[in-house]
file model.tsv (TSV, C-alpha atoms)
chain	number	residue	atom	x	y	z
A	1	MET	CA	14.09	0.79	20.01
A	2	ARG	CA	15.16	2.14	16.61
A	3	TYR	CA	13.63	0.94	13.35
A	4	VAL	CA	15.21	1.46	9.93
A	5	PRO	CA	12.07	2.77	8.15
A	6	PHE	CA	11.86	6.44	9.15
A	7	TRP	CA	8.08	6.66	9.47
A	8	PHE	CA	7.79	3.73	11.85
A	9	ASP	CA	10.76	4.92	13.89
A	10	GLU	CA	9.01	8.28	14.32
A	11	ALA	CA	5.59	6.80	15.15
A	12	VAL	CA	6.31	3.97	17.58
A	13	THR	CA	7.22	4.69	21.17
A	14	GLU	CA	8.82	2.50	23.78
A	15	ALA	CA	5.38	2.25	25.39
A	16	ASP	CA	3.98	0.76	22.15
A	17	GLU	CA	6.78	-1.78	22.19
A	18	LYS	CA	6.22	-2.79	25.81
A	19	SER	CA	2.41	-2.91	25.63
A	20	ALA	CA	2.25	-5.17	22.55
A	21	SER	CA	0.28	-8.30	23.51
A	22	HIS	CA	0.39	-11.67	21.77
A	23	LEU	CA	-1.97	-14.63	21.77
A	24	THR	CA	-1.59	-16.63	24.98
A	25	HIS	CA	-4.24	-19.36	24.59
A	26	ASP	CA	-6.64	-20.94	22.11
A	27	ILE	CA	-9.61	-18.72	21.21
A	28	THR	CA	-12.83	-18.71	19.17
A	29	THR	CA	-14.03	-15.76	17.08
A	30	ASP	CA	-16.44	-14.78	14.31
A	31	VAL	CA	-13.80	-13.26	12.02
A	32	CYS	CA	-10.02	-13.66	12.11
A	33	ILE	CA	-8.00	-11.20	10.03
A	34	ILE	CA	-4.43	-12.11	9.13
A	35	GLY	CA	-2.34	-8.94	8.95
A	36	GLY	CA	-2.37	-5.74	10.99
A	37	GLY	CA	-1.60	-3.13	8.34
A	38	PHE	CA	-3.94	-0.74	6.53
A	39	THR	CA	-5.95	-3.51	4.85
A	40	GLY	CA	-6.46	-5.55	8.01
A	41	LEU	CA	-7.21	-2.62	10.32
A	42	TRP	CA	-9.62	-0.86	7.93
A	43	THR	CA	-11.40	-4.21	7.39
A	44	ALA	CA	-11.76	-4.77	11.14
A	45	ILE	CA	-12.92	-1.21	11.79
A	46	ASN	CA	-15.56	-1.32	9.06
A	47	LEU	CA	-16.81	-4.72	10.26
A	48	LYS	CA	-17.27	-3.37	13.79
A	49	LEU	CA	-18.89	-0.15	12.60
A	50	THR	CA	-21.31	-2.17	10.43
A	51	LYS	CA	-21.96	-5.00	12.92
A	52	PRO	CA	-20.78	-4.07	16.41
A	53	GLU	CA	-21.86	-7.47	17.75
A	54	LEU	CA	-19.27	-9.31	15.63
A	55	ASP	CA	-16.26	-10.70	17.45
A	56	VAL	CA	-13.26	-9.67	15.35
A	57	VAL	CA	-9.65	-10.70	15.86
A	58	ILE	CA	-6.50	-9.49	14.11
A	59	ILE	CA	-3.20	-11.35	14.30
A	60	GLU	CA	0.05	-9.68	13.18
A	61	LYS	CA	3.44	-11.38	13.12
A	62	GLU	CA	5.29	-8.18	14.15
A	63	LEU	CA	3.84	-4.87	15.37
A	64	CYS	CA	0.87	-3.44	13.48
A	65	GLY	CA	2.20	-1.27	10.66
A	66	GLN	CA	5.71	-2.70	10.73
A	67	GLY	CA	5.22	-4.15	7.25
A	68	ALA	CA	4.52	-2.18	4.08
A	69	SER	CA	1.88	0.04	5.72
A	70	GLY	CA	4.37	1.77	7.99
A	71	ARG	CA	7.12	2.38	5.46
A	72	ASN	CA	5.50	3.45	2.17
A	73	GLY	CA	5.58	6.93	0.64
A	74	GLY	CA	2.41	8.06	2.39
A	75	ALA	CA	0.73	9.39	-0.75
A	76	MET	CA	-3.08	9.33	-0.90
A	77	LEU	CA	-3.91	8.91	-4.60
A	78	THR	CA	-6.92	7.86	-6.66
A	79	TRP	CA	-7.80	5.52	-9.52
A	80	SER	CA	-8.65	8.32	-11.95
A	81	THR	CA	-5.50	7.80	-14.04
A	82	LYS	CA	-6.38	4.08	-14.27
A	83	PHE	CA	-9.81	4.80	-15.73
A	84	GLY	CA	-9.06	3.01	-19.01
A	85	SER	CA	-7.84	-0.11	-17.20
A	86	LEU	CA	-10.87	-0.04	-14.91
A	87	ILE	CA	-13.22	0.01	-17.90
A	88	LYS	CA	-11.52	-3.12	-19.28
A	89	GLN	CA	-11.78	-4.85	-15.91
A	90	VAL	CA	-15.29	-3.97	-14.73
A	91	GLY	CA	-17.07	-2.06	-17.51
A	92	LEU	CA	-17.79	1.64	-17.95
A	93	GLU	CA	-20.52	2.13	-15.32
A	94	ARG	CA	-18.59	0.45	-12.51
A	95	ALA	CA	-15.36	2.13	-13.59
A	96	MET	CA	-17.01	5.54	-13.27
A	97	LYS	CA	-18.28	4.67	-9.78
A	98	LEU	CA	-14.83	3.47	-8.72
A	99	VAL	CA	-13.12	6.67	-9.90
A	100	LYS	CA	-15.64	8.79	-7.98
A	101	ALA	CA	-15.36	6.56	-4.90
A	102	SER	CA	-11.56	6.66	-4.95
A	103	GLU	CA	-11.60	10.47	-5.07
A	104	GLN	CA	-14.10	10.64	-2.24
A	105	ALA	CA	-12.00	8.18	-0.20
A	106	VAL	CA	-9.19	10.74	0.12
A	107	HIS	CA	-11.56	13.21	1.79
A	108	ASP	CA	-13.13	10.42	3.86
A	109	ILE	CA	-9.71	9.48	5.26
A	110	LYS	CA	-9.16	13.09	6.28
A	111	ALA	CA	-12.59	13.21	7.93
A	112	PHE	CA	-11.94	9.89	9.71
A	113	THR	CA	-8.63	11.10	11.16
A	114	GLU	CA	-10.31	14.26	12.44
A	115	LYS	CA	-13.29	12.38	13.93
A	116	TYR	CA	-11.10	9.93	15.83
A	117	GLY	CA	-8.27	12.32	16.66
A	118	ILE	CA	-5.56	10.51	14.68
A	119	ASP	CA	-2.52	12.80	14.49
A	120	CYS	CA	-0.89	11.58	11.26
A	121	ASP	CA	-0.06	14.82	9.37
A	122	CYS	CA	-2.98	14.21	7.00
A	123	ARG	CA	-2.96	16.94	4.34
A	124	VAL	CA	-5.39	16.94	1.41
A	125	ASP	CA	-3.37	19.33	-0.75
A	126	GLY	CA	-3.78	17.51	-4.07
A	127	THR	CA	-1.06	15.92	-6.19
A	128	PHE	CA	1.13	16.79	-9.17
A	129	TYR	CA	1.92	14.30	-11.94
A	130	THR	CA	4.89	15.65	-13.85
A	131	ALA	CA	6.99	15.18	-16.95
A	132	SER	CA	10.65	15.15	-15.98
A	133	ASN	CA	11.83	14.57	-19.54
A	134	ALA	CA	10.48	15.29	-23.03
A	135	LEU	CA	9.18	11.74	-23.59
A	136	GLN	CA	6.90	12.02	-20.56
A	137	LYS	CA	5.07	15.06	-21.87
A	138	ASN	CA	1.40	14.35	-22.64
A	139	ALA	CA	1.75	10.84	-21.17
A	140	PHE	CA	-1.65	11.19	-19.51
A	141	LYS	CA	-3.48	12.86	-22.41
A	142	PRO	CA	-5.37	9.70	-23.55
A	143	VAL	CA	-6.78	8.95	-20.09
A	144	LEU	CA	-7.52	12.64	-19.39
A	145	ASP	CA	-9.46	12.84	-22.65
A	146	LEU	CA	-11.34	9.69	-21.64
A	147	LEU	CA	-12.15	11.14	-18.24
A	148	ALA	CA	-13.31	14.39	-19.85
A	149	THR	CA	-15.61	12.48	-22.22
A	150	HIS	CA	-17.45	11.08	-19.20
A	151	GLN	CA	-17.38	14.32	-17.15
A	152	LEU	CA	-14.93	12.84	-14.64
A	153	ASN	CA	-11.79	14.88	-15.27
A	154	ALA	CA	-10.66	16.68	-12.10
A	155	TRP	CA	-7.15	17.20	-13.49
A	156	GLN	CA	-5.93	20.57	-14.72
A	157	SER	CA	-2.80	21.65	-16.52
A	158	VAL	CA	-0.29	23.52	-14.38
A	159	THR	CA	0.84	26.86	-15.77
A	160	GLN	CA	4.56	27.59	-15.90
A	161	ASP	CA	4.33	30.11	-13.06
A	162	LYS	CA	2.67	27.46	-10.83
A	163	LEU	CA	5.20	24.77	-11.76
A	164	VAL	CA	7.41	26.12	-8.97
A	165	MET	CA	5.11	24.29	-6.55
A	166	THR	CA	6.63	21.00	-7.71
A	167	GLY	CA	9.90	22.14	-6.11
A	168	SER	CA	12.21	21.12	-8.95
A	169	LYS	CA	13.41	22.69	-12.18
A	170	ALA	CA	13.69	19.16	-13.60
A	171	ASN	CA	9.91	19.14	-14.08
A	172	LEU	CA	9.04	20.41	-17.55
A	173	SER	CA	5.25	20.28	-17.17
A	174	ALA	CA	2.62	18.97	-14.78
A	175	ILE	CA	-1.03	18.25	-14.19
A	176	PHE	CA	-2.77	18.72	-10.84
A	177	SER	CA	-5.74	17.12	-9.08
A	178	PRO	CA	-7.17	18.39	-5.77
A	179	HIS	CA	-8.35	14.89	-4.80
A	180	ALA	CA	-5.12	13.64	-3.23
A	181	GLY	CA	-2.71	14.32	-0.42
A	182	SER	CA	-0.29	12.73	2.00
A	183	VAL	CA	-0.05	11.22	5.47
A	184	GLN	CA	2.61	9.99	7.85
A	185	PRO	CA	1.71	6.34	7.13
A	186	ALA	CA	3.03	4.76	10.32
A	187	LYS	CA	1.22	7.33	12.47
A	188	LEU	CA	-1.97	6.59	10.53
A	189	VAL	CA	-1.67	2.82	10.96
A	190	ARG	CA	-0.93	3.15	14.68
A	191	GLY	CA	-3.95	5.49	14.93
A	192	LEU	CA	-6.12	2.87	13.22
A	193	PHE	CA	-4.73	0.32	15.68
A	194	ARG	CA	-5.97	2.49	18.57
A	195	VAL	CA	-9.41	3.05	16.99
A	196	ALA	CA	-9.85	-0.67	16.24
A	197	LYS	CA	-9.13	-1.55	19.87
A	198	GLN	CA	-11.55	1.12	21.08
A	199	LEU	CA	-14.25	-0.47	18.90
A	200	GLY	CA	-13.63	-3.85	20.50
A	201	VAL	CA	-11.34	-5.51	17.98
A	202	LYS	CA	-8.96	-7.96	19.66
A	203	ILE	CA	-5.43	-7.48	18.29
A	204	TYR	CA	-2.62	-9.94	18.91
A	205	GLU	CA	0.77	-8.70	17.76
A	206	ARG	CA	3.87	-10.88	17.45
A	207	THR	CA	1.54	-13.77	16.64
A	208	LYS	CA	2.52	-15.56	13.43
A	209	TYR	CA	0.00	-17.29	11.15
A	210	ILE	CA	1.11	-20.79	10.11
A	211	HIS	CA	-1.80	-22.43	8.26
A	212	ASN	CA	-5.53	-23.12	8.37
A	213	GLN	CA	-7.83	-26.04	7.74
A	214	GLY	CA	-11.51	-26.77	7.90
A	215	ASP	CA	-14.63	-25.78	6.03
A	216	GLU	CA	-17.61	-24.39	7.95
A	217	THR	CA	-15.38	-23.67	10.94
A	218	LEU	CA	-11.77	-22.77	10.28
A	219	ASN	CA	-8.97	-23.96	12.53
A	220	ILE	CA	-6.19	-21.38	12.25
A	221	LYS	CA	-2.81	-22.40	13.62
A	222	THR	CA	-0.42	-19.73	14.89
A	223	ASP	CA	2.90	-19.97	16.68
A	224	ARG	CA	1.08	-18.96	19.87
A	225	GLY	CA	-2.05	-21.12	19.78
A	226	MET	CA	-5.14	-22.09	17.78
A	227	ILE	CA	-7.96	-19.82	16.63
A	228	LYS	CA	-11.38	-21.19	15.63
A	229	ALA	CA	-13.17	-18.78	13.29
A	230	ASN	CA	-16.26	-18.71	11.10
A	231	LYS	CA	-14.51	-16.44	8.60
A	232	MET	CA	-10.90	-15.60	7.82
A	233	VAL	CA	-9.48	-12.68	5.83
A	234	PHE	CA	-5.99	-12.58	4.37
A	235	ALA	CA	-4.94	-8.91	4.55
A	236	VAL	CA	-1.23	-9.35	3.98
A	237	ASN	CA	-0.70	-8.01	0.43
A	238	ALA	CA	3.02	-8.55	-0.35
A	239	TRP	CA	3.16	-11.55	1.99
A	240	LEU	CA	0.19	-13.32	0.32
A	241	PRO	CA	2.18	-15.61	-2.07
A	242	LYS	CA	4.22	-16.88	0.89
A	243	LEU	CA	1.16	-17.69	3.02
A	244	ASP	CA	-0.95	-19.08	0.17
A	245	PRO	CA	1.19	-20.20	-2.83
A	246	GLN	CA	-1.83	-20.39	-5.19
A	247	PHE	CA	-1.56	-16.61	-5.48
A	248	ALA	CA	2.11	-16.70	-6.54
A	249	ARG	CA	1.25	-15.81	-10.13
A	250	SER	CA	-1.24	-13.11	-9.20
A	251	VAL	CA	1.32	-10.54	-8.04
A	252	VAL	CA	4.91	-9.49	-8.65
A	253	LEU	CA	6.86	-8.40	-5.60
A	254	VAL	CA	9.13	-5.40	-6.16
A	255	SER	CA	10.85	-2.93	-3.88
A	256	SER	CA	10.09	0.71	-3.33
A	257	ASP	CA	13.17	2.50	-2.02
A	258	MET	CA	13.11	5.76	-0.10
A	259	VAL	CA	15.43	8.40	1.32
A	260	ILE	CA	14.57	11.32	3.59
A	261	SER	CA	16.40	14.52	4.42
A	262	LYS	CA	17.23	16.13	7.71
A	263	ALA	CA	14.66	18.66	8.85
A	264	ASN	CA	15.14	22.02	7.15
A	265	PRO	CA	11.83	23.95	7.04
A	266	GLU	CA	13.36	27.16	5.66
A	267	THR	CA	14.84	25.40	2.62
A	268	ILE	CA	11.61	23.47	2.03
A	269	LYS	CA	9.68	26.76	2.02
A	270	ALA	CA	12.18	28.40	-0.33
A	271	MET	CA	11.76	25.46	-2.74
A	272	GLY	CA	7.99	26.03	-2.85
A	273	LEU	CA	7.33	22.66	-1.21
A	274	ASN	CA	5.67	23.85	2.00
A	275	HIS	CA	2.55	21.77	1.22
A	276	GLY	CA	1.46	18.14	1.45
A	277	ALA	CA	0.98	17.37	-2.24
A	278	PRO	CA	2.98	14.38	-3.55
A	279	ILE	CA	4.89	14.96	-6.79
A	280	ILE	CA	5.10	11.94	-9.10
A	281	ASP	CA	6.74	11.66	-12.51
A	282	SER	CA	5.40	9.70	-15.48
A	283	ARG	CA	7.74	6.72	-15.54
A	284	ILE	CA	6.29	3.20	-15.27
A	285	PHE	CA	8.39	2.74	-12.14
A	286	VAL	CA	7.90	6.23	-10.82
A	287	ASN	CA	10.03	8.71	-8.95
A	288	TYR	CA	7.96	10.35	-6.24
A	289	TYR	CA	8.62	12.86	-3.51
A	290	ARG	CA	6.83	14.88	-0.85
A	291	THR	CA	7.54	16.90	2.27
A	292	THR	CA	6.63	16.43	5.91
A	293	THR	CA	5.09	18.90	8.34
A	294	SER	CA	8.43	18.99	10.17
A	295	GLY	CA	10.27	20.27	7.08
A	296	ARG	CA	11.79	17.08	5.69
A	297	LEU	CA	11.89	16.00	2.05
A	298	MET	CA	11.30	12.35	1.12
A	299	LEU	CA	12.17	10.86	-2.29
A	300	GLY	CA	11.15	7.39	-3.41
A	301	LYS	CA	11.69	5.18	-6.45
A	302	GLY	CA	9.55	2.16	-7.30
A	303	GLY	CA	10.45	-1.07	-9.04
A	304	ASN	CA	14.16	-1.46	-8.28
A	305	TYR	CA	14.48	-4.97	-6.84
A	306	PHE	CA	12.34	-7.82	-8.21
A	307	SER	CA	12.13	-10.50	-5.54
A	308	TYR	CA	12.90	-14.03	-6.72
A	309	ALA	CA	9.80	-16.27	-6.34
A	310	ASN	CA	8.03	-13.38	-4.59
A	311	HIS	CA	10.02	-14.04	-1.44
A	312	VAL	CA	9.94	-11.28	1.20
A	313	SER	CA	13.68	-11.34	1.82
A	314	LYS	CA	15.72	-9.75	4.61
A	315	ARG	CA	16.76	-6.92	2.32
A	316	PHE	CA	13.31	-5.37	2.83
A	317	ASP	CA	14.26	-4.78	6.48
A	318	GLN	CA	17.56	-3.07	5.69
A	319	PRO	CA	18.65	0.34	4.41
A	320	SER	CA	18.19	0.63	0.65
A	321	ARG	CA	20.77	-1.15	-1.50
A	322	TYR	CA	20.04	1.42	-4.18
A	323	LEU	CA	21.32	4.39	-2.21
A	324	GLU	CA	23.71	5.52	-4.96
A	325	MET	CA	20.88	5.49	-7.50
A	326	MET	CA	18.67	7.39	-5.05
A	327	LYS	CA	21.43	9.97	-4.60
A	328	HIS	CA	21.55	10.36	-8.40
A	329	TYR	CA	17.82	11.14	-8.53
A	330	TRP	CA	18.17	13.40	-5.50
A	331	GLN	CA	20.69	15.47	-7.43
A	332	TYR	CA	18.58	15.30	-10.60
A	333	PHE	CA	15.54	16.80	-8.90
A	334	PHE	CA	17.06	18.86	-6.08
A	335	ASN	CA	20.45	19.95	-7.36
A	336	HIS	CA	21.98	22.71	-5.18
A	337	SER	CA	19.14	22.47	-2.66
A	338	GLY	CA	21.62	21.89	0.15
A	339	LEU	CA	19.33	19.29	1.73
A	340	GLU	CA	21.20	16.35	3.27
A	341	ILE	CA	19.92	12.76	3.16
A	342	GLU	CA	19.56	11.41	6.71
A	343	ARG	CA	18.29	7.87	6.15
A	344	SER	CA	17.28	5.32	3.52
A	345	TRP	CA	14.95	2.33	3.72
A	346	THR	CA	13.02	-0.02	1.49
A	347	GLY	CA	9.75	-1.91	1.47
A	348	PRO	CA	7.96	-4.68	-0.43
A	349	SER	CA	5.39	-3.55	-2.97
A	350	ASP	CA	3.01	-6.07	-4.52
A	351	ARG	CA	1.96	-5.29	-8.07
A	352	SER	CA	-0.96	-7.30	-9.41
A	353	VAL	CA	-1.21	-8.49	-13.01
A	354	SER	CA	-3.77	-5.77	-13.81
A	355	GLY	CA	-2.10	-3.10	-11.69
A	356	LEU	CA	-5.30	-2.93	-9.62
A	357	PRO	CA	-6.26	-4.47	-6.27
A	358	PHE	CA	-8.21	-7.72	-6.33
A	359	PHE	CA	-10.48	-9.50	-3.88
A	360	TRP	CA	-10.68	-13.26	-4.04
A	361	SER	CA	-12.58	-15.95	-2.20
A	362	ILE	CA	-10.15	-18.72	-1.28
A	363	LYS	CA	-12.82	-21.42	-1.68
A	364	ASP	CA	-13.73	-20.17	-5.15
A	365	SER	CA	-10.07	-20.03	-6.14
A	366	GLU	CA	-9.57	-23.61	-4.96
A	367	LYS	CA	-12.48	-24.78	-7.16
A	368	HIS	CA	-11.04	-22.82	-10.08
A	369	LEU	CA	-7.62	-24.39	-9.62
A	370	LEU	CA	-9.15	-27.88	-9.37
A	371	TRP	CA	-10.92	-27.43	-12.72
A	372	GLN	CA	-7.70	-26.13	-14.26
A	373	ARG	CA	-5.89	-29.27	-13.14
A	374	ILE	CA	-8.65	-31.52	-14.52
A	375	LEU	CA	-8.58	-29.72	-17.88
A	376	ARG	CA	-4.80	-29.94	-18.10
A	377	LYS	CA	-4.90	-33.68	-17.43
A	378	TRP	CA	-7.64	-34.18	-20.04
A	379	ARG	CA	-5.63	-32.24	-22.63
A	380	ARG	CA	-2.69	-34.52	-21.96
A	381	ALA	CA	-5.02	-37.51	-22.42
A	382	GLU	CA	-4.48	-38.62	-18.83
A	383	LEU	CA	-8.25	-38.75	-18.23
A	384	PRO	CA	-10.95	-40.31	-20.42
A	385	TRP	CA	-13.48	-37.88	-21.88
A	386	ARG	CA	-17.13	-38.94	-21.98

call {"tool": "encode", "arguments": {"input": "model.tsv", "output": "structure tokens"}}
result
Amino acid sequence: MRYVPFWFDEAVTEADEKSASHLTHDITTDVCIIGGGFTGLWTAINLKLTKPELDVVIIEKELCGQGASGRNGGAMLTWSTKFGSLIKQVGLERAMKLVKASEQAVHDIKAFTEKYGIDCDCRVDGTFYTASNALQKNAFKPVLDLLATHQLNAWQSVTQDKLVMTGSKANLSAIFSPHAGSVQPAKLVRGLFRVAKQLGVKIYERTKYIHNQGDETLNIKTDRGMIKANKMVFAVNAWLPKLDPQFARSVVLVSSDMVISKANPETIKAMGLNHGAPIIDSRIFVNYYRTTTSGRLMLGKGGNYFSYANHVSKRFDQPSRYLEMMKHYWQYFFNHSGLEIERSWTGPSDRSVSGLPFFWSIKDSEKHLLWQRILRKWRRAELPWR
């Protein structure tokens, strides 16, 4: 079976397709996780490693990793360049801890893949943030100065003779951090799928969440049966506004569009790109590219299509509609490289209001929304005030 997103097509075998099991009867569990991508699988794995006695279930409406986790750019990055935003959100002390933790996480992912034998082309070769036009020069100076003030700056300026490692003459300058790298994302998510099952996590693919009700015990309805659970975790990211509309104003759903070349290891080496470091420019909606261990070059562009009402439309499961624009950037960065584009695809990317991930208790959010409704009614004089 052939999938449009290149990574997933490369990672999933016919055996994976045939062995996928769905829910066949009503069950009871301690924790039910909705979504079988990175968020859901890492959550399940960490729950089992922390409390092996917990009964943990994951349900996924397609195959695990077939959503955003199996089709993204595969860059492992940190929160260091968001240090200023983190300080505003959580204060200086916590922001410093989060930057350090995010840098350590890159190395922990590498160690995890080695420990559990996950073959996902994981390369911790750092990352380059570049200026591809004059206006982008020094774009990161304020946050780098802030990081330096608090002895957190792992970034270094790239000398002109080392700029060749970015693989494009369009890059005028760059900074480099060693705490980053890249993976084949679909191979990683399928590896996590295998590890989760080995740890005792029950995974039901092609099982679609419909709704839930209850308080102390949750009754979770799927298209395959009912699940009773003490706890439930939404780990669906871009699909969250659709499954729980109260979060519709918490994220904006945009596309990230990608193209990838045919394999050509000799050309990749000649371009200076025979490494796993992602290269990212300084636009708000960035251009990013990286190579694969098989000698392919992938280019992506974020923020092209803004989904109406945060709806995950069919266009996210089709070749990119922005192929001509992607070809333009391909020529801009890799003019005369001779590399041919083999395939394009797209994926949904959820951007939060702050630009940072958030964790939210559904019960707490329901109380918050109730008080908002009461206050709005009082302001409109629909309720007496005493």

call {"tool": "residues_near_point", "arguments": {"input": "model.tsv", "point": "(-9.0, 0.1, 4.9)", "cutoff": "12 Å", "atoms": "all atoms listed in the file", "output": "list in words"}}
result
Gly35, Gly36, Gly37, Phe38, Thr39, Gly40, Leu41, Trp42, Thr43, Ala44, Ile45, Asn46, Leu47, Ser69, Ala105, Val106, Asp108, Ile109, Phe112, Leu188, Val189, Leu192, Phe193, Ala196 and Ala235 of chain A

call {"tool": "residues_near_point", "arguments": {"input": "model.tsv", "point": "(-4.6, 6.9, 13.8)", "cutoff": "12 Å", "atoms": "all atoms listed in the file", "output": "number ranges by chain"}}
result
A: 11-12, 37-38, 41-42, 45, 64-65, 70, 109-122, 183-198

call {"tool": "residues_around", "arguments": {"input": "model.tsv", "residues": "Gly167 of chain A", "least_positions_apart": "6", "cutoff": "10 Å", "atoms": "all atoms listed in the file", "output": "number ranges by chain"}}
result
A: 268-274, 279, 289-290, 333-334, 337

call {"tool": "residues_around", "arguments": {"input": "model.tsv", "residues": "Gln89 of chain A", "least_positions_apart": "6", "cutoff": "10 Å", "atoms": "all atoms listed in the file", "output": "list in words"}}
result
Phe83, Ala95, Ser354 and Leu356 of chain A

call {"tool": "residues_around", "arguments": {"input": "model.tsv", "residues": "Arg351 of chain A", "least_positions_apart": "3", "cutoff": "7 Å", "atoms": "all atoms listed in the file", "output": "list of chain:residue names"}}
result
A:Val251, A:Val252, A:Leu253, A:Gly355

call {"tool": "residues_around", "arguments": {"input": "model.tsv", "residues": "Met96 of chain A", "least_positions_apart": "4", "cutoff": "9 Å", "atoms": "all atoms listed in the file", "output": "JSON, numbers by chain"}}
result
{"A": [80, 83, 86, 87, 91, 92, 100, 101, 147, 150, 152]}

call {"tool": "residues_around", "arguments": {"input": "model.tsv", "residues": "Tyr204 of chain A", "least_positions_apart": "4", "cutoff": "8 Å", "atoms": "only C-alpha atoms", "output": "list of chain:residue names"}}
result
A:Ala20, A:Ser21, A:His22, A:Leu23, A:Val57, A:Ile58, A:Ile59, A:Glu60

call {"tool": "atom_distance", "arguments": {"input": "model.tsv", "atom1": "atom CA of Met326 of chain A", "atom2": "atom CA of Val259 of chain A"}}
result
7.2 Å

call {"tool": "atom_distance", "arguments": {"input": "model.tsv", "atom1": "atom CA of Ser85 of chain A", "atom2": "atom CA of Val143 of chain A"}}
result
9.6 Å

call {"tool": "closest_residue", "arguments": {"input": "model.tsv", "among": "A:Val31, A:Val236, A:Thr293, A:Ser132", "to": "Lys208 of chain A", "atoms": "all atoms listed in the file"}}
result
A:Val236

call {"tool": "atom_distance", "arguments": {"input": "model.tsv", "atom1": "atom CA of Ser168 of chain A", "atom2": "atom CA of Ala148 of chain A"}}
result
28.6 Å

call {"tool": "closest_residue", "arguments": {"input": "model.tsv", "among": "A:Leu299, A:Ala131, A:Ala263, A:Ile34", "to": "Ala75 of chain A", "atoms": "only C-alpha atoms"}}
result
A:Leu299

call {"tool": "closest_residue", "arguments": {"input": "model.tsv", "among": "A:Thr81, A:Gln213, A:Thr207, A:Gln246", "to": "Met232 of chain A", "atoms": "only C-alpha atoms"}}
result
A:Gln213

call {"tool": "closest_residue", "arguments": {"input": "model.tsv", "among": "A:Thr127, A:Pro348, A:Ser19, A:Ala229", "to": "Gly214 of chain A", "atoms": "all atoms listed in the file"}}
result
A:Ala229

call {"tool": "axis_aligned_box", "arguments": {"input": "model.tsv", "around": "segment 28-44 of chain A", "padding_each_side": "3 Å", "output": "lines of an AutoDock Vina configuration file"}}
result
center_x = -9.0
center_y = -9.7
center_z = 12.0
size_x = 20.8
size_y = 24.0
size_z = 20.3
